[in-house]
Amino acid sequence: MPANFLPTSVEYLRVLPDIILTVMGALMLLLEAALPDRQKWIFAPLSLAGLSAALLGALAAYSDPGPAFQNMIVVDGFATFFRVLVIVVALLAVLSSSDYLRREGSMGGEFYALLLFSTAGQSIMASAEELIMIFIGLEISSIASYVLAGYLRDDPRNNESALKYFLLGSFATAFLLYGIAWIYGVTGTTNLVDIRRALLNANEPLAFVSTAAALMFVGFAFKISAAPFQSWAPDVYQGAPAPVAAFLTVGPKGAAFAILLRVFFTAFGPIASTWAPLLWAVSFATMTVGNFAAILQSDIKRLLGYSSIAHAGYVLVAVTAHSGAGSAAAMFYLAAYAFTNIGAFAVVTYFSRKGERFTKVDDFAGLAQRQPVMAAMLTIFLLSLIGVPLTGGFFGKFYIFKAALDANLVWLTVLGLLNSAVAAYYYLRILVVMYFREPGEAVEHLPPAGPALKAAVYGSALGTLILGIFPGWVLEFASRAALR
Amino acid sequence: MTLLDTVLFLPLVGFFLLLLVPKDNPNASRVGALLISVSVFAASLGLIAPYWFAAPAGWHFETNLPWISYPPIRYHVALDGLSLWLVLLSTLLTPVAVLVSWNHIDKRVKEYYALLILLEFGLIGVFVALDLFLFYVFWEVSLVPMYFLIGIWGHERRIYAAVKFFLYTMAGSVLMLAAIIYLYNKSGTFDYSDILAQIQSGRLVFDARVQLLLFLAFFGAFAIKVPLFPLHTWLPDAHVEAPTAGSVMLASVMLKMGTYGLMRYCLPLFPEASRNSAPWVAGLAIVGIIYGALVALVQPNMKKLVAYSSVSHLGFVVLGIFSFTQQGFDGAVYQMLNHGISTGALFMLVGYLYERRHSLEIAAYGGVATPAPNLAAVFLITTLASIGLPILNNFVGEYLVLQGTAQANFTWVVFAALGVILSACYMLWLYQRAFYGRAAEPVSHHMFDLTPREWAAILPLLALMVWMGTFTQSFLPPISAQNAQILQQTQTPAAAKVALNAR
């Protein structure tokens with residue numbers, strides 16, 4: 001009956017944020033062609049308006065939760081949490097980009113359009129309950145991200161970054177697609193809930209199901225930069241424009257964690273005993289590789305790139321726990337990490353100056369004496385990355401390791417905590433140069449930060465501190481929305 | 001809102017006030033910091049009230065409010081006989097540290113005083129928190145200001161020392177965090193008194209292996225802070241490189257976080273594991289006592305000498321704690337306070353010398369007693385206090401520790417007493433070389449006697465040295481009462497049987 005295939009109005013409501021983001025993105029592409037150069041400033045406010053509308057849309061969608069489009073999309077607490085997260089991340093990314101683009105003399109509308117498209121893809125990933133939908137969301141998000149990484153096309157570093165990101169990213173998606181094909185071949189469905197049901201009946205050969213899960217995990221592991229598929233991350237984050245790198249380390253990565261959680265908890269939940277040991281090893285390897293490599297870095301973008309690998313490892317600890325508490329901890333951690341990392345990159349954006357000349361750790365010498373407020377903000381972000389109490393990063397780690405101990409992962413907890421002590425070393429190095437060294441050439445005559453960038457930095461710091469002092473609000477929502 | 005909350009949060013308010021002081025007016029920061037720290041001290045004197053005529057064990061000034069709903073983390077603070085004097089020590093030494101830094105610190109003055117006051121907040125918090133999670137928060141929070149104090153205002157190798165200090169403490173405390181979470185998962189609460197009640201009543205039982213691991217996780221964090229041999233290597237670096245006030249706060253108060261933690265958490269929460277570990281912990285403490293003293297003996301650098309003497313003195317405290325006797329406990333707590341006062345004073349006096357001649361080498365001094373007789377006299381009194389001369393404070397603590405230890409194991413006392421003799425050697429030898437004898441350069445070169453400000457900073461400590469050495473009864477009753485309770489809590493069935501047989 002064809003009438004059944006016509007979407008109902010509530011189904012439109014449930015994809016409202018995706019619609020808003022796509023329409024706004026397309027609108028900006030049209031305006032880009034129509035507007036004269038001197039009116040290009042309009043794009044930043046316009047995308048802020050679009051994202052704010054999408055944020056409201058995401059909340060409106062949650063007012064009537066449920067499935068849409070033959071169970072391809074589901075709006076639940078989990079989806080809403082990640083929708084809100086990626087949209088807030090995009091908001092902060094826009095704020096830290098607009099001054100950056102003016103500085104680099106490249107105020108195009110397509111930048112913002114791509115950012116919105118990428119966010120739309122992530123929003124779809126967050127709410128997808130079906131493998132093809134997941135794949136589509138991932139592709140929308142990834143392709144826009146590839147272009148963003150190479151946005152300053154005259155800069156060879158940007159080109160290298162984009163090309164690497166694109167090649168390795170496509171490679172990873174191929175794995176994912178192959179895994180989807182396998183699981184479809186074995187169970188005859190691409191819907192996560194149906195796959196779970198099929199696996200619970202346990203008629204399918206475990207070897208085939210495990211292979212499918214492994215192939216899909218390879219795809220996800222690339223996207224979240226888990227070892228041993230992490231090698232692209234530092235190169236891409238170092239080469240990409242700083243605000244884009246900030247966006248890439250939290251937006252696409254957060255959404256990739258959302259689908260990882262959704263697929264492995266919902267679809268592959270019944271065979272958890274098969275994949276849990278694998279995740280144990282991967283999470284340990286990821287945090288260790290990330291932390292020990294970061295110790296050796298002298299470029300701050302690269303350092304933050306390795307640190308983002310390590311943090312992916314911590315989140316994988318929560319996934320390994322395979323419990324409601326683990327899922328909630330992962331969600332909370334990703335939120336805390338999003339504020340922290342966007343903020344840290346925003347300070348780097350401000351400080352690196354035109355052409356990103358100053359990105360060495362040593363360039364930060366004496367920043368605290370010339371720009372005490374910015375230095376204090378970066379201190380908050382670094383303390384949060386270390387995991388010092390009263391910052392969001394601390395509670396994130398706390399909840400993750402609490403969930404891990406609940407699941408009797410004692411050794412993984414101990415190794416993870418020791419890892420976080422190792423990590424303190426390289427974050428402290430930045431504090432050391434910032435506060436303990438005399439000012440160098442790089443911090444002299446720093447122009448004051450623009451209002452948008454300031455808003456991004458202060459907003460992120462506020463988010464980091466609120467999650468660190470009153471974590472209950474977010475955690476409560478995450479616990480209710482967590483997958484089990 | 002109790003008086004204790006006021007004492008705890010006044011420094012935090014002061015920290016934010018100090019941030020508002022204009023940067024180009026260093027004197028405003030100095031005076032502001034002094035006013036804040038003195039008013040915190042004045043307020044904290046009120047905390048003695050419940051102990052005025054009696055010596056009640058148990059909690060006073062208790063506040064218990066929800067902070068985070070899930071997992072249930074509460075703002076739960078209270079005071080007892082164990083923490084009372086440690087809080088007062090923190091509030092007393094902060095204004096002293098402000099006075100000591102008055103001329104010594106001349107760059108980035110505003111940040112300096114703000115961090116010093118923030119440090120006070122963290123330190124008081126550690127001693128009064130009764131929620132394990134809150135305790136961990138304060139434990140870490142106190143780390144950050146000290147890191148900056150050493151790193152920005154320290155001497156040549158300050159960066160190395162600051163990073164080493166941070167990483168050592170952090171490495172120890174993450175395992176403690178794991179143990180705290182484990183305790184929560186088993187007991188369903190972070191509340192110290194609740195967990196303790198569960199353990200005492202036998203509702204929460206750990207098998208021997210788990211209890212030992214939990215004990216070690218806590219013990220590791222505390223032993224690094226104390227510092228117990230062989231985890232002490234961060235201490236000489238941190239002390240030598242820190243500015244004078246940093247050394248004072250570090251030695252006098254921060255090290256006590258470790259010994260306080262041992263008594264408050266390790267012993268009552270894991271009694272069997274603590275008692276079973278007593279032999280090797282006492283062994284390490286004794287090694288620390290003798291090793292610290294021997295290394296102090298050969299130091300050419302005054303600050304390093306005092307730092308190693310701290311390792312030795314703190315060994316006494318740990319020995320007293322792990323003797324599991326009333327006298328041992330009393331002596332340990334008393335010795336925590338004594339060490340805070342006499343070693344704090346020594347670091348100040350070394351700082352005074354440094355401000356005059358900009359050298360920490362003993363060889364750069366000599367004959368100082370001639371141009372600066374008052375300084376020499378004060379240094380002598382402090383030296384005598386530090387080596388445990390009767391009628392001065394350290395004697396009482398050391399005696400109690402040795403007496404308590406003798407009840408537990410007499411062999412330990414023989415070795416520990418060696419430390420007392422050695423402390424006389426290195427301290428008196430230091431005094432002789434610096435204040436008497438022939439000078440490397442004209443004795444009056446950049447050498448003058450104590451200024452009024454310097455007097456004001458040292459006088460309270462001198463008074464306490466005599467007071468605590470003569471009128472022990474002013475301080476000891478609340479400590480003893482609380483220690484009796486802690487000793488009671490560490491009675492395991494096996495230990496109780498032994499005690500019964502002894503009777």
# chains A, B, ... in the order shown; residues from 1 in each chain; ligands from 1
>>> select_by_dssp(residues="region 184-306 of chain B", states="alpha helix (DSSP H)", output="VMD selection string")
chain B and resid 184 to 187 192 to 200 208 to 225 234 to 241 244 to 249 255 to 261 267 to 269 271 to 297 302 to 306
>>> interface_residues(of="chain B", to="chain A", cutoff="8 Å", atoms="only C-alpha atoms", output="PDB file with C-alpha atoms, in the first residue's frame")
ATOM      1  CA  TRP B  67      26.766  18.198  45.916  1.00  0.00           C
ATOM      2  CA  ILE B  68      26.284  15.767  43.042  1.00  0.00           C
ATOM      3  CA  SER B  69      23.165  13.652  42.989  1.00  0.00           C
ATOM      4  CA  TYR B  70      24.537  10.625  41.190  1.00  0.00           C
ATOM      5  CA  VAL B 137      39.195  16.821  45.035  1.00  0.00           C
ATOM      6  CA  GLU B 140      44.403  17.404  43.831  1.00  0.00           C
ATOM      7  CA  VAL B 141      43.354  21.039  44.131  1.00  0.00           C
ATOM      8  CA  GLY B 151      57.574  26.698  38.967  1.00  0.00           C
ATOM      9  CA  ILE B 152      57.249  30.481  38.715  1.00  0.00           C
ATOM     10  CA  ILE B 159      60.818  23.754  36.333  1.00  0.00           C
ATOM     11  CA  VAL B 163      57.110  18.954  37.174  1.00  0.00           C
ATOM     12  CA  LEU B 167      53.990  13.912  38.466  1.00  0.00           C
ATOM     13  CA  MET B 170      49.670  12.556  40.514  1.00  0.00           C
ATOM     14  CA  ALA B 171      51.018   9.055  39.909  1.00  0.00           C
ATOM     15  CA  VAL B 174      45.402   8.100  40.558  1.00  0.00           C
ATOM     16  CA  LEU B 175      45.685   4.706  42.211  1.00  0.00           C
ATOM     17  CA  ALA B 178      40.829   3.755  41.710  1.00  0.00           C
ATOM     18  CA  ILE B 181      35.894   4.154  43.269  1.00  0.00           C
ATOM     19  CA  TYR B 182      36.249   0.503  44.246  1.00  0.00           C
ATOM     20  CA  ASN B 185      31.185   0.288  44.178  1.00  0.00           C
TER      21      ASN B 185
END
>>> residues_around(residues="Pro95 (chain B)", least_positions_apart="6", cutoff="12 Å", atoms="only C-alpha atoms", output="PDB file with N, CA and C atoms, in the first residue's frame")
ATOM      1  N   PRO B  11      39.296  31.606  52.463  1.00  0.00           N
ATOM      2  CA  PRO B  11      40.433  31.725  51.547  1.00  0.00           C
ATOM      3  C   PRO B  11      40.015  31.707  50.072  1.00  0.00           C
ATOM      4  N   ARG B  30      49.932  42.485  48.746  1.00  0.00           N
ATOM      5  CA  ARG B  30      50.573  42.016  49.977  1.00  0.00           C
ATOM      6  C   ARG B  30      49.665  42.242  51.167  1.00  0.00           C
ATOM      7  N   VAL B  31      49.194  43.505  51.287  1.00  0.00           N
ATOM      8  CA  VAL B  31      48.351  43.833  52.436  1.00  0.00           C
ATOM      9  C   VAL B  31      47.069  43.030  52.389  1.00  0.00           C
ATOM     10  N   GLY B  32      46.500  42.907  51.182  1.00  0.00           N
ATOM     11  CA  GLY B  32      45.261  42.135  51.043  1.00  0.00           C
ATOM     12  C   GLY B  32      45.451  40.705  51.500  1.00  0.00           C
ATOM     13  N   ALA B  33      46.547  40.079  51.030  1.00  0.00           N
ATOM     14  CA  ALA B  33      46.795  38.683  51.401  1.00  0.00           C
ATOM     15  C   ALA B  33      46.978  38.558  52.898  1.00  0.00           C
ATOM     16  N   LEU B  34      47.670  39.537  53.485  1.00  0.00           N
ATOM     17  CA  LEU B  34      47.905  39.475  54.930  1.00  0.00           C
ATOM     18  C   LEU B  34      46.578  39.593  55.686  1.00  0.00           C
ATOM     19  N   LEU B  35      45.748  40.552  55.251  1.00  0.00           N
ATOM     20  CA  LEU B  35      44.460  40.743  55.923  1.00  0.00           C
ATOM     21  C   LEU B  35      43.614  39.479  55.837  1.00  0.00           C
ATOM     22  N   ILE B  36      43.574  38.901  54.627  1.00  0.00           N
ATOM     23  CA  ILE B  36      42.744  37.704  54.453  1.00  0.00           C
ATOM     24  C   ILE B  36      43.265  36.573  55.331  1.00  0.00           C
ATOM     25  N   SER B  37      44.593  36.354  55.272  1.00  0.00           N
ATOM     26  CA  SER B  37      45.106  35.188  55.992  1.00  0.00           C
ATOM     27  C   SER B  37      45.010  35.387  57.499  1.00  0.00           C
ATOM     28  N   VAL B  38      45.190  36.624  57.954  1.00  0.00           N
ATOM     29  CA  VAL B  38      45.056  36.849  59.397  1.00  0.00           C
ATOM     30  C   VAL B  38      43.612  36.663  59.828  1.00  0.00           C
ATOM     31  N   SER B  39      42.671  37.128  59.005  1.00  0.00           N
ATOM     32  CA  SER B  39      41.276  36.961  59.436  1.00  0.00           C
ATOM     33  C   SER B  39      40.883  35.489  59.390  1.00  0.00           C
ATOM     34  N   VAL B  40      41.439  34.723  58.438  1.00  0.00           N
ATOM     35  CA  VAL B  40      41.156  33.283  58.444  1.00  0.00           C
ATOM     36  C   VAL B  40      41.689  32.663  59.727  1.00  0.00           C
ATOM     37  N   PHE B  41      42.882  33.088  60.117  1.00  0.00           N
ATOM     38  CA  PHE B  41      43.467  32.531  61.339  1.00  0.00           C
ATOM     39  C   PHE B  41      42.616  32.892  62.550  1.00  0.00           C
ATOM     40  N   ALA B  42      42.217  34.169  62.598  1.00  0.00           N
ATOM     41  CA  ALA B  42      41.396  34.609  63.735  1.00  0.00           C
ATOM     42  C   ALA B  42      40.117  33.791  63.800  1.00  0.00           C
ATOM     43  N   LEU B  88      44.561  24.439  62.216  1.00  0.00           N
ATOM     44  CA  LEU B  88      45.133  25.647  62.808  1.00  0.00           C
ATOM     45  C   LEU B  88      46.560  25.887  62.338  1.00  0.00           C
ATOM     46  N   LEU B  89      47.288  24.783  62.147  1.00  0.00           N
ATOM     47  CA  LEU B  89      48.647  24.920  61.617  1.00  0.00           C
ATOM     48  C   LEU B  89      48.608  25.569  60.232  1.00  0.00           C
ATOM     49  N   SER B 101      57.278  36.347  52.518  1.00  0.00           N
ATOM     50  CA  SER B 101      57.462  36.642  51.100  1.00  0.00           C
ATOM     51  C   SER B 101      57.490  38.130  50.805  1.00  0.00           C
ATOM     52  N   TRP B 102      57.257  38.957  51.818  1.00  0.00           N
ATOM     53  CA  TRP B 102      56.993  40.383  51.618  1.00  0.00           C
ATOM     54  C   TRP B 102      57.975  41.048  50.642  1.00  0.00           C
ATOM     55  N   TYR B 113      50.417  35.898  45.578  1.00  0.00           N
ATOM     56  CA  TYR B 113      49.614  35.874  46.797  1.00  0.00           C
ATOM     57  C   TYR B 113      48.277  35.195  46.571  1.00  0.00           C
ATOM     58  N   LEU B 116      48.945  31.564  46.860  1.00  0.00           N
ATOM     59  CA  LEU B 116      49.238  31.172  48.238  1.00  0.00           C
ATOM     60  C   LEU B 116      47.939  31.000  49.027  1.00  0.00           C
ATOM     61  N   ILE B 117      47.011  31.923  48.805  1.00  0.00           N
ATOM     62  CA  ILE B 117      45.733  31.844  49.517  1.00  0.00           C
ATOM     63  C   ILE B 117      44.908  30.668  48.994  1.00  0.00           C
ATOM     64  N   GLU B 120      45.960  27.603  50.653  1.00  0.00           N
ATOM     65  CA  GLU B 120      45.386  27.447  51.987  1.00  0.00           C
ATOM     66  C   GLU B 120      44.020  26.782  51.914  1.00  0.00           C
ATOM     67  N   ALA B 245      58.550  30.772  51.107  1.00  0.00           N
ATOM     68  CA  ALA B 245      57.204  30.495  51.601  1.00  0.00           C
ATOM     69  C   ALA B 245      56.693  29.166  51.068  1.00  0.00           C
ATOM     70  N   VAL B 248      58.133  26.534  53.185  1.00  0.00           N
ATOM     71  CA  VAL B 248      57.486  26.527  54.497  1.00  0.00           C
ATOM     72  C   VAL B 248      56.158  25.798  54.416  1.00  0.00           C
ATOM     73  N   MET B 249      55.331  26.174  53.440  1.00  0.00           N
ATOM     74  CA  MET B 249      54.013  25.540  53.328  1.00  0.00           C
ATOM     75  C   MET B 249      54.159  24.057  53.003  1.00  0.00           C
ATOM     76  N   ARG B 453      59.630  43.038  60.520  1.00  0.00           N
ATOM     77  CA  ARG B 453      58.752  42.125  59.787  1.00  0.00           C
ATOM     78  C   ARG B 453      59.198  40.684  59.981  1.00  0.00           C
ATOM     79  N   ALA B 456      58.204  39.525  63.337  1.00  0.00           N
ATOM     80  CA  ALA B 456      56.766  39.251  63.415  1.00  0.00           C
ATOM     81  C   ALA B 456      56.447  37.883  62.847  1.00  0.00           C
ATOM     82  N   ALA B 457      57.176  37.489  61.805  1.00  0.00           N
ATOM     83  CA  ALA B 457      56.878  36.196  61.196  1.00  0.00           C
ATOM     84  C   ALA B 457      57.371  35.041  62.048  1.00  0.00           C
ATOM     85  N   ILE B 458      58.506  35.195  62.703  1.00  0.00           N
ATOM     86  CA  ILE B 458      59.109  34.055  63.396  1.00  0.00           C
ATOM     87  C   ILE B 458      58.618  33.926  64.836  1.00  0.00           C
ATOM     88  N   PRO B 460      55.675  34.011  66.435  1.00  0.00           N
ATOM     89  CA  PRO B 460      54.634  33.040  66.812  1.00  0.00           C
ATOM     90  C   PRO B 460      55.177  31.618  66.844  1.00  0.00           C
ATOM     91  N   LEU B 461      56.076  31.303  65.929  1.00  0.00           N
ATOM     92  CA  LEU B 461      56.593  29.939  65.885  1.00  0.00           C
ATOM     93  C   LEU B 461      57.489  29.672  67.084  1.00  0.00           C
TER      94      LEU B 461
END
>>> residues_around(residues="region 122-133 of chain A", least_positions_apart="3", cutoff="6 Å", atoms="only C-alpha atoms", output="PyMOL selection string")
chain A and resi 72-75+79+82-83+119+136-137+141+190-192+255+258
>>> residues_around(residues="Val315 (chain A)", least_positions_apart="5", cutoff="12 Å", atoms="only C-alpha atoms", output="VMD selection string")
chain A and resid 224 to 226 253 to 254 256 to 258 260 to 261 279 to 280 282 to 284 286 to 287 308 to 310 320 to 322 326 to 337 393 396 to 401 403 to 404 413 416
>>> closest_residue(among="B:Val7, B:Leu47, B:Met348, B:Leu297", to="Val98 (chain B)", atoms="only C-alpha atoms")
B:Met348
>>> closest_residue(among="A:Tyr151, A:Ala455, A:Val218, A:Ile42", to="Met374 (chain A)", atoms="only C-alpha atoms")
A:Ala455
>>> closest_residue(among="B:Leu389, B:Leu12, B:Met257, B:Val306", to="Ile224 (chain B)", atoms="only C-alpha atoms")
B:Met257
>>> residues_around(residues="region 235-238 of chain A", least_positions_apart="4", cutoff="6 Å", atoms="only C-alpha atoms", output="list in words")
Ser161, Ala245, Lys301, Arg302 and Gly305 of chain A
>>> write_last_selection(atoms="N, CA and C atoms", output="mmCIF file, in the first residue's frame")
data_model
loop_
_atom_site.group_PDB
_atom_site.id
_atom_site.type_symbol
_atom_site.label_atom_id
_atom_site.label_comp_id
_atom_site.auth_asym_id
_atom_site.auth_seq_id
_atom_site.Cartn_x
_atom_site.Cartn_y
_atom_site.Cartn_z
ATOM 1 N N SER A 161 46.900 17.405 4.389
ATOM 2 C CA SER A 161 45.984 16.932 5.412
ATOM 3 C C SER A 161 44.709 16.379 4.786
ATOM 4 N N ALA A 245 40.545 21.592 12.769
ATOM 5 C CA ALA A 245 41.092 20.487 13.554
ATOM 6 C C ALA A 245 40.303 20.329 14.842
ATOM 7 N N LYS A 301 49.639 21.506 17.853
ATOM 8 C CA LYS A 301 48.501 20.882 17.169
ATOM 9 C C LYS A 301 48.699 19.373 17.081
ATOM 10 N N ARG A 302 49.938 18.980 16.845
ATOM 11 C CA ARG A 302 50.241 17.563 16.763
ATOM 12 C C ARG A 302 50.101 16.909 18.146
ATOM 13 N N GLY A 305 46.690 16.422 18.766
ATOM 14 C CA GLY A 305 46.244 15.319 17.927
ATOM 15 C C GLY A 305 46.497 13.984 18.607
#
>>> residues_around(residues="Met24 (chain A)", least_positions_apart="5", cutoff="10 Å", atoms="only C-alpha atoms", output="short mmCIF file (atom, residue, chain, number, x, y, z; two decimals) with N, CA and C atoms, in the first residue's frame")
data_model
loop_
_atom_site.label_atom_id
_atom_site.label_comp_id
_atom_site.auth_asym_id
_atom_site.auth_seq_id
_atom_site.Cartn_x
_atom_site.Cartn_y
_atom_site.Cartn_z
N ASP A 18 18.05 17.82 11.05
CA ASP A 18 18.73 17.47 9.81
C ASP A 18 18.22 18.34 8.66
N ILE A 19 16.88 18.54 8.65
CA ILE A 19 16.30 19.34 7.58
C ILE A 19 16.82 20.78 7.67
N LEU A 29 25.14 28.14 0.15
CA LEU A 29 25.85 27.92 -1.12
C LEU A 29 25.28 28.83 -2.20
N LEU A 30 23.96 29.00 -2.19
CA LEU A 30 23.33 29.89 -3.18
C LEU A 30 23.74 31.33 -2.93
N LEU A 46 24.71 33.95 10.01
CA LEU A 46 23.68 33.11 9.42
C LEU A 46 23.82 31.67 9.87
N SER A 47 25.08 31.17 9.88
CA SER A 47 25.22 29.77 10.30
C SER A 47 24.97 29.62 11.79
N ALA A 49 22.72 31.32 13.36
CA ALA A 49 21.27 31.27 13.44
C ALA A 49 20.77 29.89 13.03
N GLY A 50 21.35 29.34 11.95
CA GLY A 50 20.92 28.03 11.48
C GLY A 50 21.15 26.96 12.53
N LEU A 51 22.35 27.02 13.14
CA LEU A 51 22.67 26.00 14.14
C LEU A 51 21.78 26.14 15.37
N ALA A 53 18.78 27.28 15.37
CA ALA A 53 17.48 26.73 15.00
C ALA A 53 17.52 25.21 15.03
N ALA A 54 18.64 24.63 14.56
CA ALA A 54 18.76 23.18 14.56
C ALA A 54 18.76 22.65 15.98
N TYR A 112 31.17 27.57 5.80
CA TYR A 112 30.06 27.37 6.74
C TYR A 112 29.08 26.34 6.22
N ALA A 113 28.86 26.37 4.89
CA ALA A 113 27.93 25.38 4.33
C ALA A 113 28.45 23.98 4.59
N LEU A 116 27.96 22.97 8.13
CA LEU A 116 26.58 22.59 8.43
C LEU A 116 26.27 21.22 7.85
N PHE A 117 26.77 20.94 6.65
CA PHE A 117 26.51 19.63 6.05
C PHE A 117 27.15 18.53 6.91
#
>>> closest_residue(among="B:Phe190, B:Phe166, B:Tyr436, B:Tyr265", to="Thr370 (chain B)", atoms="only C-alpha atoms")
B:Tyr436
>>> select_by_dssp(residues="region 49-154 of chain A", states="strand (DSSP E or B)", output="PyMOL selection string")
chain A and resi 66-68+73-75+128+130
>>> atom_distance(atom1="CA of Tyr308 (chain B)", atom2="CA of Ala296 (chain B)")
5.2 Å
>>> closest_residue(among="A:Leu483, A:Ala452, A:Ala368, A:Val474", to="Arg108 (chain B)", atoms="only C-alpha atoms")
A:Ala368
>>> closest_residue(among="B:Leu134, B:Leu255, B:Val100, B:Tyr334", to="Ser474 (chain B)", atoms="only C-alpha atoms")
B:Tyr334
>>> decode(residues="region 165-184 of chain B", atoms="C-alpha atoms", output="short mmCIF file (atom, residue, chain, number, x, y, z; two decimals), in the first residue's frame")
data_model
loop_
_atom_site.label_atom_id
_atom_site.label_comp_id
_atom_site.auth_asym_id
_atom_site.auth_seq_id
_atom_site.Cartn_x
_atom_site.Cartn_y
_atom_site.Cartn_z
CA PHE B 165 56.55 17.24 42.25
CA PHE B 166 53.36 17.22 40.19
CA LEU B 167 53.99 13.91 38.47
CA TYR B 168 55.03 12.08 41.63
CA THR B 169 51.93 13.17 43.48
CA MET B 170 49.67 12.56 40.51
CA ALA B 171 51.02 9.06 39.91
CA GLY B 172 50.33 8.17 43.52
CA SER B 173 46.91 9.70 43.68
CA VAL B 174 45.40 8.10 40.56
CA LEU B 175 45.68 4.71 42.21
CA MET B 176 44.05 6.12 45.29
CA LEU B 177 41.23 7.29 43.04
CA ALA B 178 40.83 3.75 41.71
CA ALA B 179 40.62 2.48 45.28
CA ILE B 180 38.08 5.17 46.19
CA ILE B 181 35.89 4.15 43.27
CA TYR B 182 36.25 0.50 44.25
CA LEU B 183 35.16 1.31 47.79
CA TYR B 184 32.18 3.18 46.40
#
